[in-house]
Structures are given as structure tokens and as C-alpha cells.
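Printed here is target.txt (compact mmCIF, C-alpha atoms and all ligand atoms):
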```txt
# COMPACT_ATOMS: atom_id res chain seq x y z
CA MET A 1 -174.22 119.47 -42.15
CA ASN A 2 -175.72 120.06 -38.69
CA GLU A 3 -177.63 118.22 -35.97
CA THR A 4 -180.45 117.48 -38.40
CA ALA A 5 -178.22 116.31 -41.28
CA SER A 6 -177.23 112.68 -41.76
CA PRO A 7 -174.16 111.62 -39.80
CA ARG A 8 -170.87 111.99 -41.64
CA SER A 9 -167.47 110.44 -41.16
CA VAL A 10 -165.18 113.15 -39.81
CA LEU A 11 -161.42 112.94 -39.17
CA VAL A 12 -159.69 115.51 -36.97
CA THR A 13 -155.91 115.54 -36.45
CA GLY A 14 -154.60 116.63 -33.08
CA GLY A 15 -157.96 115.96 -31.47
CA SER A 16 -156.57 114.66 -28.18
CA ARG A 17 -156.14 118.10 -26.59
CA GLY A 18 -156.91 121.77 -26.88
CA ILE A 19 -158.76 123.14 -29.89
CA GLY A 20 -158.84 119.80 -31.72
CA ARG A 21 -160.47 118.06 -28.77
CA THR A 22 -163.28 120.61 -28.66
CA ILE A 23 -163.74 120.27 -32.44
CA VAL A 24 -164.10 116.49 -31.98
CA GLU A 25 -166.60 117.00 -29.15
CA ARG A 26 -168.59 119.48 -31.24
CA PHE A 27 -168.89 117.07 -34.18
CA LEU A 28 -169.90 114.26 -31.79
CA ALA A 29 -172.53 116.49 -30.20
CA ASP A 30 -173.87 117.27 -33.69
CA GLY A 31 -174.32 113.52 -34.26
CA HIS A 32 -171.38 112.75 -36.54
CA ARG A 33 -168.94 109.81 -36.45
CA VAL A 34 -165.55 111.11 -35.54
CA THR A 35 -161.99 109.80 -35.75
CA CYS A 36 -159.35 111.57 -33.74
CA ALA A 37 -155.79 111.10 -35.06
CA SER A 38 -152.95 112.30 -32.87
CA THR A 39 -149.53 111.16 -31.69
CA SER A 40 -150.90 109.76 -28.42
CA GLY A 41 -153.99 108.19 -29.99
CA GLU A 42 -156.09 109.60 -27.14
CA ALA A 43 -159.60 110.75 -27.96
CA PRO A 44 -162.68 112.05 -26.18
CA ALA A 45 -165.29 109.40 -25.29
CA GLY A 46 -167.36 108.51 -28.31
CA ALA A 47 -164.64 109.16 -30.89
CA LEU A 48 -162.34 106.59 -32.47
CA GLY A 49 -158.78 107.36 -31.30
CA VAL A 50 -155.94 106.48 -33.66
CA ALA A 51 -152.24 106.98 -32.96
CA CYS A 52 -150.84 108.86 -35.94
CA ASP A 53 -147.87 111.10 -36.58
CA VAL A 54 -149.04 113.43 -39.35
CA THR A 55 -145.48 113.91 -40.60
CA ASP A 56 -145.59 110.32 -41.88
CA ALA A 57 -147.83 109.80 -44.93
CA ALA A 58 -148.18 106.07 -44.23
CA GLN A 59 -149.51 106.75 -40.72
CA VAL A 60 -151.99 109.30 -42.08
CA ASP A 61 -153.10 106.77 -44.67
CA ALA A 62 -153.58 104.15 -41.92
CA ALA A 63 -155.60 106.60 -39.80
CA PHE A 64 -157.94 107.30 -42.73
CA ALA A 65 -158.22 103.54 -43.38
CA ALA A 66 -159.21 102.98 -39.73
CA ALA A 67 -161.73 105.84 -39.92
CA GLU A 68 -163.24 104.48 -43.12
CA GLU A 69 -163.43 100.95 -41.75
CA ALA A 70 -165.27 102.18 -38.65
CA HIS A 71 -167.33 105.08 -40.01
CA GLY A 72 -167.35 105.01 -43.83
CA PRO A 73 -165.61 107.36 -46.29
CA VAL A 74 -164.23 110.48 -44.64
CA THR A 75 -166.06 113.49 -46.05
CA VAL A 76 -164.95 116.04 -43.46
CA ALA A 77 -161.23 116.36 -42.64
CA VAL A 78 -159.84 118.90 -40.20
CA ALA A 79 -156.06 119.43 -40.29
CA ASN A 80 -155.59 120.80 -36.81
CA ALA A 81 -152.39 119.16 -35.45
CA GLY A 82 -149.82 121.87 -34.90
CA ILE A 83 -146.75 122.72 -32.85
CA THR A 84 -144.62 125.76 -32.05
CA ARG A 85 -140.85 126.10 -31.61
CA ASP A 86 -140.64 129.83 -30.92
CA THR A 87 -137.41 131.77 -30.91
CA LEU A 88 -135.94 134.80 -32.67
CA ILE A 89 -134.58 134.11 -36.14
CA LEU A 90 -130.91 134.38 -35.24
CA ARG A 91 -131.41 131.62 -32.67
CA MET A 92 -133.76 129.53 -34.80
CA SER A 93 -132.10 126.26 -35.77
CA ASP A 94 -132.82 124.21 -38.85
CA ASP A 95 -134.36 121.68 -36.46
CA ASP A 96 -136.74 124.34 -35.11
CA TRP A 97 -137.73 125.20 -38.67
CA ASP A 98 -138.04 121.61 -39.92
CA ALA A 99 -140.04 120.33 -36.92
CA VAL A 100 -142.69 123.05 -37.27
CA VAL A 101 -142.87 122.84 -41.08
CA ASP A 102 -143.11 119.04 -40.92
CA VAL A 103 -146.08 118.95 -38.53
CA ASN A 104 -147.98 122.10 -39.49
CA LEU A 105 -147.51 122.15 -43.24
CA LYS A 106 -146.36 118.75 -44.47
CA GLY A 107 -148.78 117.09 -42.03
CA ALA A 108 -151.65 119.15 -43.46
CA PHE A 109 -150.54 118.21 -46.98
CA HIS A 110 -150.66 114.51 -46.07
CA VAL A 111 -154.15 114.93 -44.63
CA ALA A 112 -155.41 116.97 -47.60
CA LYS A 113 -154.01 114.52 -50.12
CA ARG A 114 -155.48 111.44 -48.48
CA ALA A 115 -158.79 113.16 -47.74
CA THR A 116 -159.15 114.42 -51.30
CA ARG A 117 -158.91 110.87 -52.58
CA SER A 118 -161.93 109.82 -50.46
CA MET A 119 -163.83 113.01 -51.19
CA LEU A 120 -163.44 112.70 -54.96
CA ARG A 121 -164.89 109.19 -54.74
CA ALA A 122 -167.68 110.42 -52.46
CA LYS A 123 -168.32 113.34 -54.87
CA GLY A 124 -167.93 115.94 -52.18
CA GLY A 125 -166.32 116.87 -48.92
CA ARG A 126 -165.01 119.54 -46.59
CA LEU A 127 -161.37 120.30 -45.85
CA VAL A 128 -160.73 122.64 -42.97
CA PHE A 129 -157.22 123.78 -42.06
CA ILE A 130 -156.51 125.33 -38.68
CA GLY A 131 -154.30 128.32 -39.42
CA SER A 132 -153.60 131.24 -37.12
CA VAL A 133 -153.92 135.00 -36.97
CA VAL A 134 -150.11 134.86 -36.85
CA GLY A 135 -150.04 133.74 -40.51
CA LEU A 136 -151.19 137.17 -41.72
CA HIS A 137 -150.34 139.35 -38.75
CA GLY A 138 -146.85 138.01 -37.98
CA THR A 139 -145.37 137.64 -34.51
CA PRO A 140 -141.73 138.07 -33.54
CA GLY A 141 -140.18 134.75 -32.59
CA GLN A 142 -142.50 132.77 -34.87
CA VAL A 143 -140.87 132.92 -38.29
CA ASN A 144 -141.26 129.15 -38.67
CA TYR A 145 -144.80 128.96 -37.29
CA ALA A 146 -146.10 132.03 -39.18
CA ALA A 147 -144.70 130.70 -42.47
CA THR A 148 -146.58 127.42 -42.02
CA LYS A 149 -149.84 129.14 -41.17
CA THR A 150 -149.63 131.41 -44.24
CA GLY A 151 -148.73 128.32 -46.25
CA LEU A 152 -152.02 126.68 -45.30
CA ILE A 153 -153.89 129.54 -46.97
CA GLY A 154 -152.06 128.91 -50.23
CA MET A 155 -152.79 125.21 -49.88
CA ALA A 156 -156.52 125.75 -49.33
CA ARG A 157 -156.75 128.17 -52.25
CA ALA A 158 -154.85 125.93 -54.68
CA LEU A 159 -157.07 123.02 -53.62
CA THR A 160 -160.18 125.14 -54.09
CA ARG A 161 -159.18 125.70 -57.70
CA GLU A 162 -158.21 122.03 -58.20
CA VAL A 163 -161.30 120.36 -56.77
CA GLY A 164 -163.92 123.08 -56.39
CA ARG A 165 -165.99 121.62 -59.23
CA LYS A 166 -166.08 118.25 -57.46
CA GLY A 167 -168.14 119.49 -54.54
CA ILE A 168 -165.13 119.81 -52.26
CA THR A 169 -164.46 122.99 -50.29
CA ALA A 170 -161.17 123.94 -48.62
CA ASN A 171 -161.04 126.70 -46.03
CA VAL A 172 -158.82 127.99 -43.26
CA VAL A 173 -160.00 128.87 -39.78
CA ALA A 174 -157.56 131.35 -38.28
CA PRO A 175 -157.83 131.47 -34.50
CA GLY A 176 -156.37 134.34 -32.52
CA PHE A 177 -155.21 133.69 -28.98
CA ILE A 178 -157.18 130.81 -27.54
CA GLU A 179 -157.05 129.43 -23.99
CA THR A 180 -155.14 126.12 -24.45
CA GLU A 181 -151.95 124.46 -23.25
CA MET A 182 -150.18 126.19 -26.15
CA THR A 183 -151.03 129.65 -24.79
CA ALA A 184 -150.82 128.64 -21.10
CA VAL A 185 -147.01 128.63 -21.41
CA LEU A 186 -146.88 132.28 -22.55
CA PRO A 187 -145.07 134.60 -20.15
CA GLU A 188 -147.50 136.82 -18.20
CA GLU A 189 -146.25 140.06 -19.79
CA ARG A 190 -146.67 138.64 -23.33
CA ARG A 191 -150.20 137.56 -22.41
CA ALA A 192 -151.05 141.06 -21.13
CA GLU A 193 -149.64 142.56 -24.35
CA TYR A 194 -151.88 140.33 -26.47
CA LEU A 195 -154.95 141.08 -24.36
CA ALA A 196 -154.41 144.80 -24.83
CA GLN A 197 -154.56 144.32 -28.63
CA ILE A 198 -157.71 142.17 -28.77
CA PRO A 199 -160.81 144.30 -29.38
CA ALA A 200 -163.01 141.65 -27.70
CA GLY A 201 -160.93 142.11 -24.54
CA ARG A 202 -160.49 138.40 -23.84
CA LEU A 203 -158.73 135.34 -25.17
CA GLY A 204 -160.93 133.06 -27.27
CA SER A 205 -162.32 129.73 -26.16
CA THR A 206 -161.90 126.45 -27.97
CA ASP A 207 -165.70 126.46 -28.44
CA ASP A 208 -165.38 129.69 -30.44
CA VAL A 209 -163.07 127.90 -32.89
CA ALA A 210 -165.11 124.69 -33.02
CA ALA A 211 -168.23 126.68 -33.94
CA ALA A 212 -166.51 128.11 -37.04
CA VAL A 213 -165.22 124.67 -38.05
CA ALA A 214 -168.69 123.14 -37.63
CA PHE A 215 -170.17 125.90 -39.79
CA LEU A 216 -167.62 125.41 -42.59
CA ALA A 217 -168.36 121.67 -42.52
CA SER A 218 -172.11 122.28 -42.70
CA ASP A 219 -174.39 122.31 -45.74
CA GLN A 220 -174.97 126.02 -45.20
CA ALA A 221 -171.29 126.66 -46.05
CA ARG A 222 -171.35 124.77 -49.35
CA TYR A 223 -170.56 127.88 -51.42
CA ILE A 224 -167.65 129.04 -49.24
CA SER A 225 -164.19 127.93 -50.34
CA GLY A 226 -160.68 129.34 -50.33
CA ALA A 227 -161.70 131.55 -47.41
CA VAL A 228 -159.88 132.48 -44.25
CA VAL A 229 -162.31 132.71 -41.35
CA PRO A 230 -160.79 134.60 -38.44
CA VAL A 231 -161.81 133.62 -34.90
CA ASP A 232 -159.75 136.19 -33.05
CA GLY A 233 -162.00 138.71 -31.30
CA GLY A 234 -161.12 141.28 -33.98
CA LEU A 235 -157.34 141.08 -33.51
CA GLY A 236 -156.62 140.62 -37.22
CA MET A 237 -159.48 142.90 -38.39
CA GLY A 238 -160.88 140.34 -40.76
CA HIS A 239 -157.60 139.02 -42.10
P1 LIG B 1 -152.24 121.69 -28.33
O1 LIG B 1 -150.77 121.84 -28.10
O2 LIG B 1 -153.18 121.86 -27.19
O3 LIG B 1 -152.53 120.27 -29.03
C1 LIG B 1 -151.78 119.90 -30.15
C2 LIG B 1 -152.41 118.68 -30.75
O4 LIG B 1 -151.66 118.32 -31.93
C3 LIG B 1 -152.38 117.48 -29.83
O5 LIG B 1 -153.57 116.75 -30.02
C4 LIG B 1 -151.19 116.67 -30.34
O6 LIG B 1 -151.34 115.29 -30.17
C5 LIG B 1 -151.26 116.98 -31.82
N1 LIG B 1 -150.00 116.77 -32.50
C6 LIG B 1 -148.82 117.42 -32.32
N2 LIG B 1 -147.89 116.93 -33.15
C7 LIG B 1 -148.50 115.96 -33.88
C8 LIG B 1 -148.07 115.08 -34.89
N3 LIG B 1 -146.81 115.08 -35.36
N4 LIG B 1 -148.96 114.19 -35.41
C9 LIG B 1 -150.23 114.15 -34.94
N5 LIG B 1 -150.70 114.95 -33.99
C10 LIG B 1 -149.83 115.85 -33.46
O7 LIG B 1 -152.57 122.69 -29.53
P2 LIG B 1 -153.75 123.76 -29.71
O8 LIG B 1 -155.05 123.11 -29.45
O9 LIG B 1 -153.40 124.99 -29.01
O10 LIG B 1 -153.62 124.08 -31.28
C11 LIG B 1 -154.31 123.35 -32.25
C12 LIG B 1 -154.14 124.05 -33.58
O11 LIG B 1 -154.61 125.38 -33.48
C13 LIG B 1 -152.69 124.15 -34.02
O12 LIG B 1 -152.62 123.98 -35.43
C14 LIG B 1 -152.30 125.55 -33.63
O13 LIG B 1 -151.26 126.04 -34.43
C15 LIG B 1 -153.60 126.28 -33.90
N6 LIG B 1 -153.73 127.53 -33.16
C16 LIG B 1 -153.73 127.57 -31.79
C17 LIG B 1 -153.89 128.78 -31.14
C18 LIG B 1 -153.95 128.87 -29.65
O14 LIG B 1 -154.10 129.98 -29.15
N7 LIG B 1 -153.87 127.78 -28.92
C19 LIG B 1 -154.05 130.02 -31.88
C20 LIG B 1 -154.03 129.88 -33.30
C21 LIG B 1 -153.88 128.67 -33.90
P3 LIG B 1 -150.94 114.49 -28.80
O15 LIG B 1 -151.65 115.17 -27.66
O16 LIG B 1 -151.47 113.13 -29.06
O17 LIG B 1 -149.46 114.58 -28.71
```
In C-alpha cells, how does this file's structure come out?
Ligand code: NDP
Amino acid sequence: MNETASPRSVLVTGGSRGIGRTIVERFLADGHRVTCASTSGEAPAGALGVACDVTDAAQVDAAFAAAEEAHGPVTVAVANAGITRDTLILRMSDDDWDAVVDVNLKGAFHVAKRATRSMLRAKGGRLVFIGSVVGLHGTPGQVNYAATKTGLIGMARALTREVGRKGITANVVAPGFIETEMTAVLPEERRAEYLAQIPAGRLGSTDDVAAAVAFLASDQARYISGAVVPVDGGLGMGH
């Protein structure tokens, strides 16, 4: 799928801001029909915005129904919605754990399950999960977040084995540190520490991530599944 391919119905969760927003804009620029499902329901111009809390399966189902009504069967789904509740483990409450697991992991499960239904009928599709370098690298203060991001890899790989023969691929894009609202709140000294570890010598841009997502959704990537594609300036050294 690219600018020259026929338009496809794409659904991106968490597309109102940050990385998700740029992913939505990239698919629009490539000529696709895009639905943006997030809690606020806000979306870039040209996309269909739907208010949807991914922790609720019924709301995810309704978002897909709206997308399919407007744009036809969803054949590209990007599970991007994600949150952090960082703190060291001894201070991490069950609420901190549950909130992050509910959005990042259960939300992705809801999206994958509903998307797979459409993709099986359409005899093909692309599932892309937005993971994180933190899932394989680990970061202190992110026990909850890291566990969800590693969990997405297991989800994509199990799905690859379940539906690989049906023309459906499932991959994880693992961004490093990207300039967004999520990273804007990092303390200056933490930011400097991260920069020192990134071989590329800069934080990533949301465009860097969107390019990898667009590739995995394209026809050229049809034989890639169960993969983790790092977009981290070398921070994770390929992991
Ligand atoms: P932002 O905080 O900028 O945006 C988060 C998005 O998720 C918003 O669109 C928000 O919707 C949506 N969202 C949050 N909770 C829910 C929910 N329950 N249901 C539906 N939508 C929800 O995040 P980023 O762009 O920084 O991150 C996007 C993804 O990339 C996340 O999965 C994150 O873990 C991952 N990532 C980010 C990195 C970074 O450096 N920023 C690095 C590695 C991975 P709304 O605005 O409507 O509330």
C-alpha cells in the first residue's frame, strides 16, 4: 500500500495527538481513508474522528462500525493509544498498574480482536502495534509500561501464527524517545541522560515513526510479520 495503491480503510487509535496524529496524517497524505479513534474524538482535518475509550470493547466495536460505515472494511489497524503512570515499583499502586495495562494492552487486544474479524472477511489486512524500546530495554520507574510494551510483541507473534495464512500481518513498531507531549514532561536531566545514549544523537520525530508504520501497512511489507521494527536512532541496537 502506498500513494499509488488503491485507498484503504485505516483505523488508528490515539490519533488525536502525538505519534498517532502524525500516523493519521501520513495515511491521509498517501491517499487512504482514515478513522481516528481516541478519548476526545478529535482528529486531523480529513480524518473521521470518533470518541472511543479503547479499554471498553463496546466502544472499540462502535468505532470500527463507524469507520466501516464511512470508509468500508478496515484493513489496516494501528493500535497506538497508550499512557504512562511512571513511578518506582515500591510506590506503584494497583491503580497505576491497572490503568496502564488496561489502555496499552487490553486496549490493543480489543483493537486486534475487532480488526481481525474484518480482516478475515476481507481476506487480508495489516495490524500494527505501537510498542516501545522500553519493552525490551527496560527503564526504571516503568515496570507497568514496559510490561505492556513487551506484551504487545507476544500478542503480535501469537496473531501472526493464528492468522498468517489468511493474508494478515501483525507487527510491532518500537519507537525510542520521540518528541511528543509524553516526552515533553521528562525532567531535563533525564532527557540529557537519554540523549547521551542515543547513537543518532537526537530524539526521534513523529514522522520517523509514521514512516515505519506506513511501510508495514504497504504491499511491499506483505511478507513481514511477527517483527519488531525499532525506530530509536540505534538506542536498542535492533531490539
Ligand atoms: P500522547 O500522550 O501524545 O497521545 C496519546 C494518545 O492516546 C492520545 O491521542 C489520546 O487520546 C490517546 N488515548 C489515551 N488513552 C486512551 C484511551 N483509553 N482510549 C483511546 N485513546 C486513548 O502519546 P504519544 O504520541 O507520545 O504515544 C503514542 C504511542 O507511542 C503510545 O502507545 C506510546 O506508548 C508510544 N510511544 C511513545 C514514545 C514517545 O517518546 N512519545 C516512545 C515509545 C512509544 P486523547 O487525546 O483523545 O485523550
re CA of Thr39 in chain A and CA of Asp53 in chain A: distance 5.2 Å
Using all atoms listed in the file, find each residue with an atom at most 8 Å away from ligand LIG 1 (chain B) and format the answer as a PyMOL selection string.
chain A and resi 13-21+37-42+51-55+79-84+102-104+107+130-134+145+149+174-183+204+206
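Interatomic distance, CA of Phe109 in chain A to CA of Met155 in chain A: 7.9 Å.
The space between CA of Ser118 in chain A and CA of Gly31 in chain A spans 20.7 Å.
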Counting all atoms listed in the file, closest pick from A:Gly164, A:Gly49, A:Gly236, A:Pro140 relative to Thr116 in chain A is A:Gly164
Polymer residues at most 12 Å from (-167.0, 107.8, -43.2) by only C-alpha atoms, as number ranges by chain:
A: 6-11, 32-35, 48, 63-77, 115, 118-119, 121-122, 125
For Asp219 in chain A, which of A:Ala196, A:Ile168, A:Ala146, A:Ala62 is the closest residue, counting all atoms listed in the file?
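Closest to Asp219 in chain A of all the choices is A:Ile168.
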Nearest to Lys123 in chain A: which of A:Arg165, A:Lys106, A:His239, A:Arg202 is it, counting all atoms listed in the file?
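Using all atoms listed in the file, the shortest distance to Lys123 in chain A belongs to A:Arg165.
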Where atoms are missing, can you supply N, CA and C atoms for range 20-44 of chain A and output the lot as a compact mmCIF listing (two decimals), keeping the file's coordinate frame?
```
# COMPACT_ATOMS: atom_id res chain seq x y z
N GLY A 20 -158.42 121.00 -30.98
CA GLY A 20 -158.84 119.80 -31.72
C GLY A 20 -159.83 118.97 -30.92
N ARG A 21 -159.58 118.85 -29.63
CA ARG A 21 -160.47 118.06 -28.77
C ARG A 21 -161.89 118.66 -28.77
N THR A 22 -161.95 119.98 -28.66
CA THR A 22 -163.28 120.61 -28.66
C THR A 22 -163.95 120.46 -30.02
N ILE A 23 -163.16 120.48 -31.09
CA ILE A 23 -163.74 120.27 -32.44
C ILE A 23 -164.34 118.86 -32.50
N VAL A 24 -163.60 117.88 -31.99
CA VAL A 24 -164.10 116.49 -31.98
C VAL A 24 -165.40 116.43 -31.19
N GLU A 25 -165.40 117.04 -30.00
CA GLU A 25 -166.60 117.00 -29.15
C GLU A 25 -167.79 117.69 -29.83
N ARG A 26 -167.51 118.76 -30.55
CA ARG A 26 -168.59 119.48 -31.24
C ARG A 26 -169.22 118.60 -32.34
N PHE A 27 -168.35 117.94 -33.13
CA PHE A 27 -168.89 117.07 -34.18
C PHE A 27 -169.67 115.89 -33.57
N LEU A 28 -169.17 115.35 -32.46
CA LEU A 28 -169.90 114.26 -31.79
C LEU A 28 -171.26 114.76 -31.32
N ALA A 29 -171.26 115.93 -30.71
CA ALA A 29 -172.53 116.49 -30.20
C ALA A 29 -173.51 116.73 -31.33
N ASP A 30 -173.00 117.03 -32.53
CA ASP A 30 -173.87 117.27 -33.69
C ASP A 30 -174.29 115.95 -34.35
N GLY A 31 -173.85 114.82 -33.78
CA GLY A 31 -174.32 113.52 -34.26
C GLY A 31 -173.46 112.85 -35.32
N HIS A 32 -172.24 113.34 -35.50
CA HIS A 32 -171.38 112.75 -36.54
C HIS A 32 -170.47 111.67 -35.96
N ARG A 33 -169.86 110.88 -36.86
CA ARG A 33 -168.94 109.81 -36.45
C ARG A 33 -167.53 110.35 -36.61
N VAL A 34 -166.79 110.34 -35.52
CA VAL A 34 -165.55 111.11 -35.54
C VAL A 34 -164.34 110.24 -35.21
N THR A 35 -163.28 110.44 -36.01
CA THR A 35 -161.99 109.80 -35.75
C THR A 35 -161.02 110.89 -35.35
N CYS A 36 -160.26 110.59 -34.31
CA CYS A 36 -159.35 111.57 -33.74
C CYS A 36 -157.94 111.00 -33.91
N ALA A 37 -157.13 111.62 -34.77
CA ALA A 37 -155.79 111.10 -35.06
C ALA A 37 -154.74 112.02 -34.44
N SER A 38 -154.00 111.48 -33.48
CA SER A 38 -152.95 112.30 -32.87
C SER A 38 -151.82 111.39 -32.43
N THR A 39 -150.70 111.99 -32.03
CA THR A 39 -149.53 111.16 -31.69
C THR A 39 -149.85 110.19 -30.56
N SER A 40 -150.60 110.65 -29.56
CA SER A 40 -150.90 109.76 -28.42
C SER A 40 -151.99 108.75 -28.74
N GLY A 41 -152.85 109.06 -29.68
CA GLY A 41 -153.99 108.19 -29.99
C GLY A 41 -155.14 108.38 -29.03
N GLU A 42 -155.00 109.35 -28.09
CA GLU A 42 -156.09 109.60 -27.14
C GLU A 42 -157.23 110.35 -27.83
N ALA A 43 -158.44 110.09 -27.34
CA ALA A 43 -159.60 110.75 -27.96
C ALA A 43 -160.69 110.90 -26.92
N PRO A 44 -161.54 111.92 -27.08
CA PRO A 44 -162.68 112.05 -26.18
C PRO A 44 -163.60 110.84 -26.32
```
